[in-house]
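Visitor: Sharing my_file-v6.txt, compact mmCIF, C-alpha atoms:
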# COMPACT_ATOMS: atom_id res chain seq x y z
CA MET X 7 57.52 19.79 200.54
CA SER X 8 54.19 18.13 199.79
CA LEU X 9 51.95 21.04 200.84
CA ARG X 10 52.22 24.80 200.45
CA GLY X 11 50.24 27.65 201.96
CA SER X 12 48.73 26.00 205.05
CA SER X 13 49.42 23.24 207.51
CA PRO X 14 48.09 19.71 206.94
CA SER X 15 45.81 20.13 209.96
CA VAL X 16 44.13 23.19 208.42
CA VAL X 17 43.54 21.34 205.15
CA ARG X 18 42.25 18.25 206.94
CA GLY X 19 39.83 20.47 208.82
CA ALA X 20 38.65 22.04 205.56
CA LEU X 21 38.13 18.60 204.08
CA GLU X 22 36.19 17.44 207.12
CA THR X 23 33.94 20.49 207.45
CA GLY X 24 33.73 21.56 203.81
CA ASP X 25 34.84 25.07 204.82
CA PRO X 26 36.22 26.77 201.68
CA LEU X 27 37.88 29.56 203.72
CA PRO X 28 39.43 27.77 206.71
CA GLY X 29 41.97 30.51 207.50
CA GLY X 30 45.30 31.45 205.98
CA ALA X 31 46.17 32.30 202.41
CA GLY X 32 45.22 29.25 200.41
CA PHE X 33 46.88 25.89 199.93
CA ALA X 34 47.87 23.27 197.40
CA GLY X 35 49.69 19.95 197.39
CA VAL X 36 49.18 16.43 198.69
CA VAL X 37 47.50 15.55 201.98
CA ASP X 38 46.60 11.98 202.98
CA GLY X 39 46.68 10.74 199.39
CA LEU X 40 44.59 13.64 198.08
CA LEU X 41 45.71 16.26 195.58
CA VAL X 42 44.21 19.49 196.94
CA ARG X 43 43.97 23.13 195.83
CA ASP X 44 42.08 25.90 197.62
CA VAL X 45 38.89 27.52 196.37
CA LEU X 46 40.60 30.61 194.89
CA GLY X 47 43.65 28.82 193.52
CA ARG X 48 46.08 31.01 195.41
CA VAL X 49 48.79 28.34 195.24
CA PRO X 50 49.47 26.92 191.75
CA LEU X 51 49.51 23.14 191.36
CA PHE X 52 49.98 20.99 188.26
CA VAL X 53 49.82 17.35 187.25
CA ASP X 54 51.63 15.72 184.35
CA ARG X 55 49.33 14.59 181.58
CA SER X 56 52.05 12.32 180.19
CA GLY X 57 52.66 10.12 183.22
CA GLN X 58 51.23 8.44 186.30
CA VAL X 59 50.45 10.61 189.32
CA SER X 60 51.56 9.38 192.75
CA VAL X 61 52.38 10.82 196.15
CA SER X 62 55.95 11.51 195.08
CA ASP X 63 55.75 11.90 191.32
CA GLY X 64 53.68 13.29 188.47
CA TRP X 65 52.69 16.58 190.13
CA ALA X 66 54.48 19.86 190.86
CA PHE X 67 54.05 23.45 192.01
CA GLU X 68 55.70 24.79 188.83
CA PRO X 69 54.71 23.83 185.26
CA THR X 70 58.36 23.80 184.20
CA ASP X 71 58.92 20.70 186.36
CA LEU X 72 56.56 18.61 184.22
CA GLU X 73 56.63 17.45 180.62
CA ASP X 74 52.96 18.18 179.87
CA PRO X 75 51.42 20.16 182.73
CA VAL X 76 47.72 20.45 183.51
CA LEU X 77 46.67 23.01 186.10
CA VAL X 78 44.73 21.44 188.95
CA PRO X 79 41.38 23.26 189.21
CA ALA X 80 40.77 25.45 192.24
CA GLY X 81 38.52 24.04 194.94
CA THR X 82 39.28 20.39 194.23
CA ALA X 83 40.45 17.45 196.33
CA THR X 84 41.12 14.39 194.22
CA SER X 85 42.41 10.96 195.16
CA LEU X 86 45.82 10.27 193.65
CA GLU X 87 44.74 6.67 193.25
CA THR X 88 41.74 7.79 191.19
CA LEU X 89 43.88 10.03 188.99
CA ALA X 90 46.44 7.29 188.44
CA GLY X 91 43.73 4.83 187.51
CA ASP X 92 42.01 7.06 184.97
CA VAL X 93 44.77 9.03 183.21
CA SER X 94 42.68 9.07 180.04
CA ARG X 95 40.49 11.82 181.49
CA LEU X 96 43.52 14.12 181.61
CA HIS X 97 43.84 13.66 177.84
CA SER X 98 40.21 14.52 177.14
CA LYS X 99 38.96 17.85 175.80
CA SER X 100 38.02 18.74 179.37
CA PRO X 101 40.86 17.52 181.60
CA THR X 102 39.35 19.34 184.57
CA SER X 103 36.68 16.61 184.68
CA ALA X 104 39.33 14.33 186.18
CA PHE X 105 39.27 16.31 189.43
CA GLU X 106 36.72 16.22 192.24
CA ARG X 107 35.20 19.56 193.25
CA ARG X 108 35.21 19.81 197.05
CA TRP X 109 34.86 23.53 197.83
CA ARG X 110 32.93 26.41 196.26
CA LEU X 111 33.09 30.11 196.97
CA PRO X 112 30.61 30.97 199.74
CA GLU X 113 27.54 33.10 199.05
CA PRO X 114 26.79 34.76 202.41
CA ASP X 115 24.04 37.32 202.79
CA PRO X 116 25.32 40.90 202.80
CA GLU X 117 25.87 42.50 206.18
CA ALA X 118 22.82 44.64 206.98
CA ASP X 119 24.80 47.19 209.00
CA PRO X 120 27.36 49.04 206.79
CA ASP X 121 29.39 50.15 209.80
CA ALA X 122 29.64 46.57 211.05
CA ALA X 123 30.73 45.46 207.57
CA LEU X 124 33.49 48.07 207.56
CA GLU X 125 34.67 47.06 211.01
CA SER X 126 34.82 43.42 209.95
CA LEU X 127 36.82 44.31 206.86
CA ASP X 128 39.22 46.51 208.83
CA ARG X 129 39.73 43.76 211.40
CA ALA X 130 40.36 41.18 208.66
CA ILE X 131 42.94 43.35 206.91
CA ARG X 132 44.71 44.03 210.19
CA THR X 133 44.73 40.32 210.99
CA ALA X 134 46.17 39.43 207.58
CA THR X 135 48.89 42.07 207.61
CA ASP X 136 49.78 41.37 211.24
CA THR X 137 50.23 37.71 210.28
CA VAL X 138 52.62 38.69 207.50
CA ARG X 139 54.58 40.96 209.82
CA ALA X 140 54.89 38.19 212.39
CA ASP X 141 56.52 35.84 209.87
CA ASP X 142 60.30 35.63 209.81
CA ARG X 143 60.71 37.07 206.31
CA ASP X 144 62.25 40.22 204.88
CA VAL X 145 59.41 41.65 202.80
CA ALA X 146 59.33 44.42 200.21
CA VAL X 147 56.22 45.82 198.54
CA ALA X 148 55.47 46.12 194.81
CA PHE X 149 54.12 49.67 194.94
CA SER X 150 52.17 51.36 192.14
CA GLY X 151 50.92 54.34 194.13
CA GLY X 152 47.34 53.06 194.07
CA VAL X 153 45.26 52.50 197.18
CA ASP X 154 45.68 48.69 197.11
CA SER X 155 49.45 48.52 197.32
CA ALA X 156 49.55 51.65 199.48
CA LEU X 157 47.42 50.05 202.19
CA VAL X 158 49.55 46.90 202.08
CA ALA X 159 52.70 49.03 202.31
CA GLU X 160 51.39 51.08 205.21
CA ARG X 161 50.22 48.09 207.21
CA LEU X 162 53.43 46.12 206.61
CA ASP X 163 55.77 49.11 207.01
CA ALA X 164 57.98 47.51 204.37
CA PRO X 165 60.25 49.05 201.69
CA LEU X 166 58.54 50.27 198.50
CA TYR X 167 59.56 49.35 194.94
CA VAL X 168 57.97 50.53 191.70
CA VAL X 169 58.80 49.34 188.20
CA GLY X 170 58.15 51.08 184.91
CA PHE X 171 59.54 53.06 182.02
CA PRO X 172 60.77 56.57 182.94
CA ASP X 173 57.68 58.43 181.69
CA SER X 174 55.16 55.88 182.98
CA HIS X 175 52.07 56.61 185.04
CA ASP X 176 53.03 54.10 187.74
CA VAL X 177 56.43 55.64 188.40
CA GLU X 178 54.98 59.13 188.76
CA ALA X 179 52.02 57.92 190.82
CA ALA X 180 54.29 55.91 193.11
CA ARG X 181 56.58 58.89 193.65
CA SER X 182 53.71 61.19 194.61
CA ALA X 183 52.06 58.58 196.84
CA ALA X 184 55.31 57.75 198.60
CA ALA X 185 55.89 61.44 199.24
CA ALA X 186 52.37 61.83 200.66
CA MET X 187 53.00 58.83 202.92
CA ASP X 188 56.45 60.16 203.87
CA ARG X 189 58.09 56.97 202.64
CA GLU X 190 61.22 56.25 200.63
CA LEU X 191 60.79 54.63 197.23
CA THR X 192 63.07 52.58 195.02
CA VAL X 193 62.35 53.11 191.31
CA VAL X 194 63.24 50.28 188.92
CA GLU X 195 63.41 52.09 185.58
CA LEU X 196 63.04 49.91 182.51
CA GLU X 197 64.36 50.08 178.99
CA PRO X 198 63.33 47.96 175.97
CA ALA X 199 66.30 45.62 176.38
CA ASP X 200 64.92 44.57 179.77
CA LEU X 201 61.78 43.28 178.10
CA GLU X 202 63.64 41.42 175.36
CA ARG X 203 65.77 39.71 177.98
CA ALA X 204 62.94 38.87 180.35
CA VAL X 205 60.19 37.70 177.99
CA PRO X 206 61.44 34.14 177.37
CA ALA X 207 62.06 33.42 181.04
CA VAL X 208 58.73 34.90 182.11
CA ALA X 209 56.74 33.01 179.46
CA ARG X 210 58.33 29.74 180.54
CA ALA X 211 57.85 30.41 184.22
CA ILE X 212 54.13 31.15 183.91
CA GLY X 213 53.50 28.52 181.22
CA ARG X 214 51.74 31.04 178.97
CA THR X 215 52.71 32.97 175.85
CA ASN X 216 49.63 35.09 175.17
CA ALA X 217 50.36 38.80 175.09
CA MET X 218 48.12 39.87 177.97
CA ASP X 219 49.43 37.36 180.48
CA VAL X 220 53.07 38.04 179.62
CA GLN X 221 52.52 41.81 179.75
CA ILE X 222 51.05 41.50 183.25
CA ALA X 223 53.73 39.09 184.49
CA LEU X 224 56.69 41.10 183.20
CA PRO X 225 56.46 43.99 185.70
CA LEU X 226 56.12 41.54 188.59
CA SER X 227 59.15 39.63 187.40
CA LEU X 228 61.28 42.69 186.77
CA VAL X 229 60.53 44.33 190.10
CA GLY X 230 61.02 40.96 191.77
CA GLU X 231 64.50 40.66 190.26
CA ARG X 232 65.54 43.92 191.89
CA VAL X 233 63.92 43.10 195.22
CA ALA X 234 65.67 39.71 195.29
CA ALA X 235 68.99 41.30 194.34
CA ASP X 236 68.58 43.68 197.27
CA GLY X 237 68.37 40.72 199.63
CA TYR X 238 64.67 40.40 200.43
CA ASP X 239 62.85 37.10 200.85
CA ALA X 240 59.32 38.01 199.78
CA LEU X 241 57.39 40.45 197.62
CA ALA X 242 54.06 41.75 198.92
CA VAL X 243 51.41 42.78 196.39
CA GLY X 244 47.95 44.33 196.46
CA GLN X 245 46.47 41.64 194.22
CA GLY X 246 42.81 40.81 194.65
CA ALA X 247 41.48 44.20 195.70
CA ASP X 248 39.83 45.06 192.39
CA GLU X 249 38.10 41.68 192.20
CA LEU X 250 37.03 41.52 195.85
CA PHE X 251 35.87 45.08 196.39
CA GLY X 252 34.38 46.26 193.09
CA GLY X 253 37.27 47.93 191.30
CA TYR X 254 36.15 47.39 187.73
CA GLU X 255 33.93 49.54 185.57
CA LYS X 256 32.04 46.49 184.35
CA VAL X 257 30.59 45.79 187.81
CA VAL X 258 28.75 49.12 187.65
CA HIS X 259 27.72 49.25 184.01
CA LEU X 260 26.86 45.52 183.83
CA ASP X 261 27.79 45.36 180.15
CA HIS X 262 28.51 42.39 177.89
CA ARG X 263 31.49 41.40 180.01
CA VAL X 264 29.31 40.15 182.88
CA ASP X 265 26.28 37.87 183.18
CA ALA X 266 25.04 39.29 186.47
CA ASP X 267 22.24 41.85 186.76
CA THR X 268 23.44 43.38 190.05
CA THR X 269 26.69 44.99 191.12
CA ARG X 270 27.15 42.42 193.88
CA GLY X 271 26.64 39.60 191.40
CA ALA X 272 29.15 41.16 189.01
CA VAL X 273 31.69 41.49 191.81
CA ARG X 274 31.27 37.79 192.54
CA GLU X 275 31.96 37.03 188.87
CA SER X 276 35.15 39.08 189.15
CA ILE X 277 36.24 37.10 192.20
CA LEU X 278 35.72 33.89 190.27
CA THR X 279 38.30 35.03 187.69
CA LEU X 280 41.05 34.88 190.31
CA PRO X 281 41.85 31.16 189.88
CA ASP X 282 42.86 31.93 186.30
CA GLN X 283 44.93 35.00 187.14
CA LEU X 284 46.75 34.10 190.33
CA PRO X 285 48.95 31.24 189.02
CA ARG X 286 50.44 33.68 186.50
CA ASP X 287 51.28 36.27 189.16
CA VAL X 288 52.53 33.77 191.73
CA LEU X 289 54.75 31.93 189.26
CA ALA X 290 56.22 35.18 187.90
CA ILE X 291 57.27 36.23 191.39
CA GLU X 292 58.47 32.81 192.49
CA ALA X 293 60.70 32.56 189.42
CA THR X 294 62.75 35.46 190.83
CA GLY X 295 63.41 33.48 194.01
CA LEU X 296 60.93 35.44 196.12
CA GLU X 297 57.88 34.28 198.03
CA PRO X 298 54.73 36.13 196.92
CA VAL X 299 52.62 37.63 199.70
CA ALA X 300 49.07 38.88 199.04
CA PRO X 301 47.51 39.99 202.34
CA LEU X 302 44.29 41.14 200.66
CA LEU X 303 43.66 37.56 199.55
CA TYR X 304 43.81 35.99 203.00
CA ASP X 305 40.70 33.99 203.89
CA ALA X 306 39.59 36.48 206.54
CA VAL X 307 39.66 39.35 204.03
CA VAL X 308 37.88 37.33 201.35
CA ASP X 309 35.16 36.40 203.82
CA ALA X 310 34.68 40.04 204.88
CA ALA X 311 34.60 41.17 201.24
CA LEU X 312 31.89 38.64 200.37
CA ARG X 313 29.68 40.17 203.07
CA LEU X 314 29.90 43.77 201.87
CA PRO X 315 26.53 45.26 200.86
CA ASP X 316 26.09 46.88 197.45
CA ALA X 317 26.47 50.37 198.93
CA LEU X 318 30.03 49.54 199.94
CA LEU X 319 31.08 48.12 196.57
CA ALA X 320 30.89 50.46 193.59
CA ASP X 321 28.71 53.01 191.83
CA GLU X 322 29.04 55.56 189.04
CA GLU X 323 31.03 57.92 191.25
CA ARG X 324 33.42 55.62 193.09
CA ARG X 325 34.86 52.13 192.88
CA LYS X 326 35.83 50.03 195.92
CA ARG X 327 33.81 52.28 198.22
CA GLY X 328 34.08 50.23 201.40
CA PHE X 329 37.69 49.31 200.84
CA ARG X 330 38.62 52.97 200.34
CA ARG X 331 36.82 53.93 203.54
CA VAL X 332 38.86 51.40 205.49
CA ALA X 333 42.06 52.45 203.71
CA GLY X 334 41.30 56.07 204.66
CA ARG X 335 41.90 55.13 208.28
CA TYR X 336 45.56 54.55 207.44
CA LEU X 337 46.40 56.60 204.34
CA PRO X 338 46.34 60.24 203.24
CA GLU X 339 43.17 61.19 201.36
CA GLU X 340 45.05 61.91 198.14
CA VAL X 341 46.25 58.29 198.09
CA THR X 342 42.97 56.75 199.22
CA ASP X 343 40.95 58.47 196.50
CA ARG X 344 43.22 57.98 193.52
CA ASN X 345 42.50 55.57 190.72
CA LYS X 346 45.11 53.39 189.06
CA LYS X 347 45.90 51.83 185.72
CA ALA X 348 46.37 48.13 185.13
CA VAL X 349 50.04 47.29 185.69
CA GLN X 350 50.78 46.45 182.06
CA TYR X 351 49.54 49.89 181.01
CA GLY X 352 50.61 51.94 184.02
CA SER X 353 54.19 50.67 183.70
CA LEU X 354 54.12 51.12 179.87
CA VAL X 355 55.23 47.50 179.48
CA ALA X 356 52.33 46.79 177.10
CA ARG X 357 53.19 49.81 174.93
CA GLU X 358 56.88 49.00 174.74
CA LEU X 359 56.34 45.30 174.06
CA ASP X 360 53.99 46.25 171.24
CA ARG X 361 56.66 48.56 169.87
CA LEU X 362 59.30 45.83 170.04
CA ALA X 363 57.01 43.42 168.21
CA ARG X 364 56.47 45.90 165.37
CA GLN X 365 60.15 46.77 165.16
CA ASN X 366 60.90 43.08 164.71
CA GLY X 367 58.49 42.70 161.81
CA TYR X 368 55.35 41.60 163.69
CA LYS X 369 52.90 44.19 162.40
CA ARG X 370 49.47 44.70 163.91
CA ARG X 371 47.74 43.69 160.71
CA ILE X 372 48.83 40.06 161.11
CA GLY X 373 46.65 39.69 164.22
CA ASP X 374 47.80 38.89 167.76
CA HIS X 375 51.18 40.23 166.69
CA VAL X 376 52.59 40.60 170.22
CA THR X 377 51.88 36.96 171.07
CA LYS X 378 53.59 35.90 167.85
CA TYR X 379 56.60 38.04 168.76
CA ILE X 380 56.75 36.49 172.23
CA GLU X 381 56.68 33.00 170.74
CA SER X 382 59.49 33.96 168.36
CA LEU X 383 61.77 34.65 171.33
CA LEU X 384 61.43 31.09 172.61
CA ASP X 385 63.66 28.32 171.36
CA ASP X 386 61.04 25.67 172.10
CA PRO X 387 57.26 25.90 172.39
CA VAL X 388 55.83 26.54 175.84
CA ARG X 389 53.24 23.99 176.92
CA THR X 390 50.43 26.03 178.42
CA ALA X 391 48.32 25.00 181.39
CA THR X 392 45.42 27.16 182.56
CA ASP X 393 42.25 26.58 184.54
CA ARG X 394 39.87 28.75 182.55
CA ASP X 395 37.25 25.99 182.66
CA SER X 396 37.71 25.11 186.30
CA ARG X 397 35.53 27.78 187.90
Output the file's structure in the form of structure tokens.
Guide:
Amino acid sequence: MSLRGSSPSVVRGALETGDPLPGGAGFAGVVDGLLVRDVLGRVPLFVDRSGQVSVSDGWAFEPTDLEDPVLVPAGTATSLETLAGDVSRLHSKSPTSAFERRWRLPEPDPEADPDAALESLDRAIRTATDTVRADDRDVAVAFSGGVDSALVAERLDAPLYVVGFPDSHDVEAARSAAAAMDRELTVVELEPADLERAVPAVARAIGRTNAMDVQIALPLSLVGERVAADGYDALAVGQGADELFGGYEKVVHLDHRVDADTTRGAVRESILTLPDQLPRDVLAIEATGLEPVAPLLYDAVVDAALRLPDALLADEERRKRGFRRVAGRYLPEEVTDRNKKAVQYGSLVARELDRLARQNGYKRRIGDHVTKYIESLLDDPVRTATDRDSR
């Protein structure tokens, strides 16, 4: 397969019109001699720094298929002929300069009517989830009990799976949310041996060994293993909601973590972090044999999110204000209003991986001790490939 995520006709249309959100859930691959990747990088794509790139060789959807992978920057469409003729740029300090930027995230004016903005968002979410339901796939949902995965679960009416250690926040939150929604829940309870076993495979699959990325990818991989073993084809996730709708504290307090001086500007900065995050999550799920499905990252939803006014984003009292109001049309109030923890903390994977590192002699005082422990579990170094400079 030379293209993933969308049809060639959709990508050709995006190339012709310059539309960064042409419909669907992103794309990457080769079309008409061009190496393309959508504006949010929802489909990972890599080229091999060590060889010539052609229509049939030198690029891949997984970094493990290449000797020295470089992640193709999001929003680019680059001639394979150009890449093949100037391989030296891939070896420079800024390999992303070898790629041609074709699409940028839109900056529409906010919708003046809050009710109209909410209706547009509701319609977009229904369109995205209806599209997933219409596909011929058996889908399960990675369910943390938070409003993001709960809305996805309710709209898809798919089985719910939560992963975590027995005393974790996510397991308890998922149990209470599932009960409030009158849904059955499968709990994938972890023990330290699960992490020791999974770390090497996860690090290789995502092409990263730093502690944070591996801690985030591990729960996705471990829940994906169970979902795949139970016979499902795809794993649906609530990814993207925090970035799109104002789920982070920093978008309200506008501290050192953001450059923007408005909440809406800070939310846009959060959205622009997605091209760095999504390859990790997608690759972790795909390595289990499942297709990742993220309805909240469909183009229609992204477009509606970009048009939300400040009043429907976040303030001191409530994050994701507009998103929660739409979710409240489908979910019990106790689920709509609850906050969540990041998956690596809510599942206790970060705590237990830290404990394993220290038990194996990697003390905190040595600095970045968890990353060093992760690297110790690998027989060979992992060549990393990220697009942190591609935004």
Visitor: Smallest atom-to-atom distance to Arg143 of chain X: which of X:Pro69, X:Pro285, X:Pro298, X:Pro114, using all atoms listed in the file?
Guide: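 Comparing X:Pro69, X:Pro285, X:Pro298, X:Pro114 against Arg143 of chain X, the winner is X:Pro298.
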Visitor: At a cut-off of 12 Å, using all atoms listed in the file, what residues contact Pro281 of chain X? Leave out same-chain residues fewer than 4 positions from it and give the result as an NGL selection string.
Guide: :X and (32 or 43-51 or 77-82 or 110-111 or 246 or 249 or 275-277 or 285-288 or 303 or 392-397)
Visitor: Rank nothing, just name the residue among X:Ser155, X:Ser8, X:Ser13, X:Ser174 nearest to Gly352 of chain X, using all atoms listed in the file.
Guide: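 For Gly352 of chain X, the nearest of the candidates is X:Ser174.
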Visitor: I'd like the interatomic distance between atom CA of Ala310 of chain X and atom CA of Gly328 of chain X, to a tenth of an Å.
Guide: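 These two atoms are separated by 10.8 Å.
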Visitor: Which value, in Å to one decimal, gives the distance between atom CA of Asp176 of chain X and atom CA of Ala306 of chain X?
Guide: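 Going from atom CA of Asp176 of chain X over to atom CA of Ala306 of chain X, I get 29.1 Å.
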Visitor: Between atom CA of Tyr238 of chain X and atom CA of Arg161 of chain X, what distance in Å does the model show, to one decimal?
Guide: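 According to the coordinates, atom CA of Tyr238 of chain X and atom CA of Arg161 of chain X are separated by 17.7 Å.
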Visitor: Can you pull out every residue within 8 Å of segment 178-191 of chain X, counting only C-alpha atoms, but drop anything in the same chain fewer than 3 positions away, and send it as a PDB file with C-alpha atoms, in the coordinates of the input?
Guide:
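The resulting file, result_9.pdb, is shown below:
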ATOM      1  CA  PHE X 149      54.120  49.670 194.940  1.00  0.00           C
ATOM      2  CA  SER X 150      52.170  51.360 192.140  1.00  0.00           C
ATOM      3  CA  GLY X 151      50.920  54.340 194.130  1.00  0.00           C
ATOM      4  CA  GLY X 152      47.340  53.060 194.070  1.00  0.00           C
ATOM      5  CA  ALA X 156      49.550  51.650 199.480  1.00  0.00           C
ATOM      6  CA  PRO X 165      60.250  49.050 201.690  1.00  0.00           C
ATOM      7  CA  LEU X 166      58.540  50.270 198.500  1.00  0.00           C
ATOM      8  CA  TYR X 167      59.560  49.350 194.940  1.00  0.00           C
ATOM      9  CA  VAL X 168      57.970  50.530 191.700  1.00  0.00           C
ATOM     10  CA  ASP X 173      57.680  58.430 181.690  1.00  0.00           C
ATOM     11  CA  SER X 174      55.160  55.880 182.980  1.00  0.00           C
ATOM     12  CA  HIS X 175      52.070  56.610 185.040  1.00  0.00           C
ATOM     13  CA  LEU X 337      46.400  56.600 204.340  1.00  0.00           C
ATOM     14  CA  PRO X 338      46.340  60.240 203.240  1.00  0.00           C
ATOM     15  CA  GLU X 340      45.050  61.910 198.140  1.00  0.00           C
ATOM     16  CA  VAL X 341      46.250  58.290 198.090  1.00  0.00           C
TER      17      VAL X 341
END
Visitor: Let me make sure I understand: among X:Val194, X:Ala204, X:Ala317, X:Leu241, which one has the smallest atom-to-atom distance to Gly170 of chain X if we use all atoms listed in the file?
Guide: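 Among the listed residues, X:Val194 lies closest to Gly170 of chain X.
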Visitor: Near Ala363 of chain X, counting all atoms listed in the file, which residues have an atom at most 7 Å away, once you skip same-chain residues fewer than 5 positions from it, shown as a ChimeraX atom specification?
Guide: /X:368,375-376,379
Visitor: Show me, as a PyMOL selection string, the residues that have an atom within 8 Å of Phe171 of chain X when counting all atoms listed in the file, minus same-chain residues fewer than 2 positions from it.
Guide: chain X and resi 169+173-174+177+195-197+353-355
Visitor: Select, from X:Ala311, X:Ala217, X:Ala211, X:Leu228, the residue with the minimum atom-to-atom distance to Val332 of chain X, counting all atoms listed in the file.
Guide: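 Smallest separation from Val332 of chain X among the options: X:Ala311.
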Visitor: With all atoms listed in the file as the basis for distance, which of X:Lys378, X:Arg364, X:Lys346, X:Lys369 is at the shortest distance from Asp154 of chain X?
Guide: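 Using all atoms listed in the file, Asp154 of chain X sits closest to X:Lys346.
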Visitor: Return as JSON the box centre and box size in Å, one decimal, for an axis-aligned box around all listed atoms of segment 32-51 of chain X padded by 3 Å per side.
Guide:
{"center_x": 44.3, "center_y": 20.9, "center_z": 197.2, "size_x": 16.8, "size_y": 26.3, "size_z": 17.6}
Visitor: Which one is closest to Gly334 of chain X: X:Ala140, X:Leu383, X:Val264, X:Leu124? Count only C-alpha atoms.
Guide: X:Leu124
Visitor: Between segment 194-313 of chain X and segment 126-139 of chain X, at 12 Å or less, what are the per-residue closest atom pairs and their distances in Å? Count all atoms listed in the file, order by chain and rising residue number, and return it as JSON lines.
Guide:
{"residue": "X:Ala240", "atom": "CA", "partner": "X:Val138", "partner_atom": "CA", "distance": 10.2}
{"residue": "X:Leu241", "atom": "CA", "partner": "X:Val138", "partner_atom": "CA", "distance": 11.1}
{"residue": "X:Ala242", "atom": "CA", "partner": "X:Val138", "partner_atom": "CA", "distance": 9.2}
{"residue": "X:Val243", "atom": "CA", "partner": "X:Thr135", "partner_atom": "CA", "distance": 11.5}
{"residue": "X:Gly244", "atom": "CA", "partner": "X:Thr135", "partner_atom": "CA", "distance": 11.4}
{"residue": "X:Ala247", "atom": "CA", "partner": "X:Ile131", "partner_atom": "CA", "distance": 11.3}
{"residue": "X:Leu250", "atom": "CA", "partner": "X:Leu127", "partner_atom": "CA", "distance": 11.4}
{"residue": "X:Phe251", "atom": "CA", "partner": "X:Leu127", "partner_atom": "CA", "distance": 10.5}
{"residue": "X:Glu297", "atom": "CA", "partner": "X:Val138", "partner_atom": "CA", "distance": 11.7}
{"residue": "X:Pro298", "atom": "CA", "partner": "X:Val138", "partner_atom": "CA", "distance": 11.1}
{"residue": "X:Val299", "atom": "CA", "partner": "X:Val138", "partner_atom": "CA", "distance": 7.9}
{"residue": "X:Ala300", "atom": "CA", "partner": "X:Ala134", "partner_atom": "CA", "distance": 9.0}
{"residue": "X:Pro301", "atom": "CA", "partner": "X:Ala134", "partner_atom": "CA", "distance": 5.4}
{"residue": "X:Leu302", "atom": "CA", "partner": "X:Ile131", "partner_atom": "CA", "distance": 6.8}
{"residue": "X:Leu303", "atom": "CA", "partner": "X:Ala134", "partner_atom": "CA", "distance": 8.6}
{"residue": "X:Tyr304", "atom": "CA", "partner": "X:Ala134", "partner_atom": "CA", "distance": 6.2}
{"residue": "X:Asp305", "atom": "CA", "partner": "X:Ala134", "partner_atom": "CA", "distance": 8.6}
{"residue": "X:Ala306", "atom": "CA", "partner": "X:Ala130", "partner_atom": "CA", "distance": 5.2}
{"residue": "X:Val307", "atom": "CA", "partner": "X:Ala130", "partner_atom": "CA", "distance": 5.0}
{"residue": "X:Val308", "atom": "CA", "partner": "X:Ala130", "partner_atom": "CA", "distance": 8.6}
{"residue": "X:Asp309", "atom": "CA", "partner": "X:Ala130", "partner_atom": "CA", "distance": 8.6}
{"residue": "X:Ala310", "atom": "CA", "partner": "X:Leu127", "partner_atom": "CA", "distance": 5.2}
{"residue": "X:Ala311", "atom": "CA", "partner": "X:Leu127", "partner_atom": "CA", "distance": 6.8}
{"residue": "X:Leu312", "atom": "CA", "partner": "X:Leu127", "partner_atom": "CA", "distance": 9.9}
{"residue": "X:Arg313", "atom": "CA", "partner": "X:Leu127", "partner_atom": "CA", "distance": 9.1}
Visitor: Take the point (32.9, 24.9, 203.6) in the file's coordinates, draw a sphere of radius 10 Å around it, and report as a list in words every protein, DNA or RNA residue with an atom inside or on it, counting only C-alpha atoms.
Guide: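 Residues found, by chain and rising number: Gly19, Ala20, Leu21, Glu22, Thr23, Gly24, Asp25, Pro26, Leu27, Pro28, Val45, Arg108, Trp109, Arg110, Leu111 and Pro112 of chain X.
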Visitor: Write the residues you've just listed into a file as a PDB file, in the frame of the given file, and include C-alpha atoms for each of them.
Guide:
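For reference, selection_32.pdb as written:
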ATOM      1  CA  GLY X  19      39.830  20.470 208.820  1.00  0.00           C
ATOM      2  CA  ALA X  20      38.650  22.040 205.560  1.00  0.00           C
ATOM      3  CA  LEU X  21      38.130  18.600 204.080  1.00  0.00           C
ATOM      4  CA  GLU X  22      36.190  17.440 207.120  1.00  0.00           C
ATOM      5  CA  THR X  23      33.940  20.490 207.450  1.00  0.00           C
ATOM      6  CA  GLY X  24      33.730  21.560 203.810  1.00  0.00           C
ATOM      7  CA  ASP X  25      34.840  25.070 204.820  1.00  0.00           C
ATOM      8  CA  PRO X  26      36.220  26.770 201.680  1.00  0.00           C
ATOM      9  CA  LEU X  27      37.880  29.560 203.720  1.00  0.00           C
ATOM     10  CA  PRO X  28      39.430  27.770 206.710  1.00  0.00           C
ATOM     11  CA  VAL X  45      38.890  27.520 196.370  1.00  0.00           C
ATOM     12  CA  ARG X 108      35.210  19.810 197.050  1.00  0.00           C
ATOM     13  CA  TRP X 109      34.860  23.530 197.830  1.00  0.00           C
ATOM     14  CA  ARG X 110      32.930  26.410 196.260  1.00  0.00           C
ATOM     15  CA  LEU X 111      33.090  30.110 196.970  1.00  0.00           C
ATOM     16  CA  PRO X 112      30.610  30.970 199.740  1.00  0.00           C
TER      17      PRO X 112
END
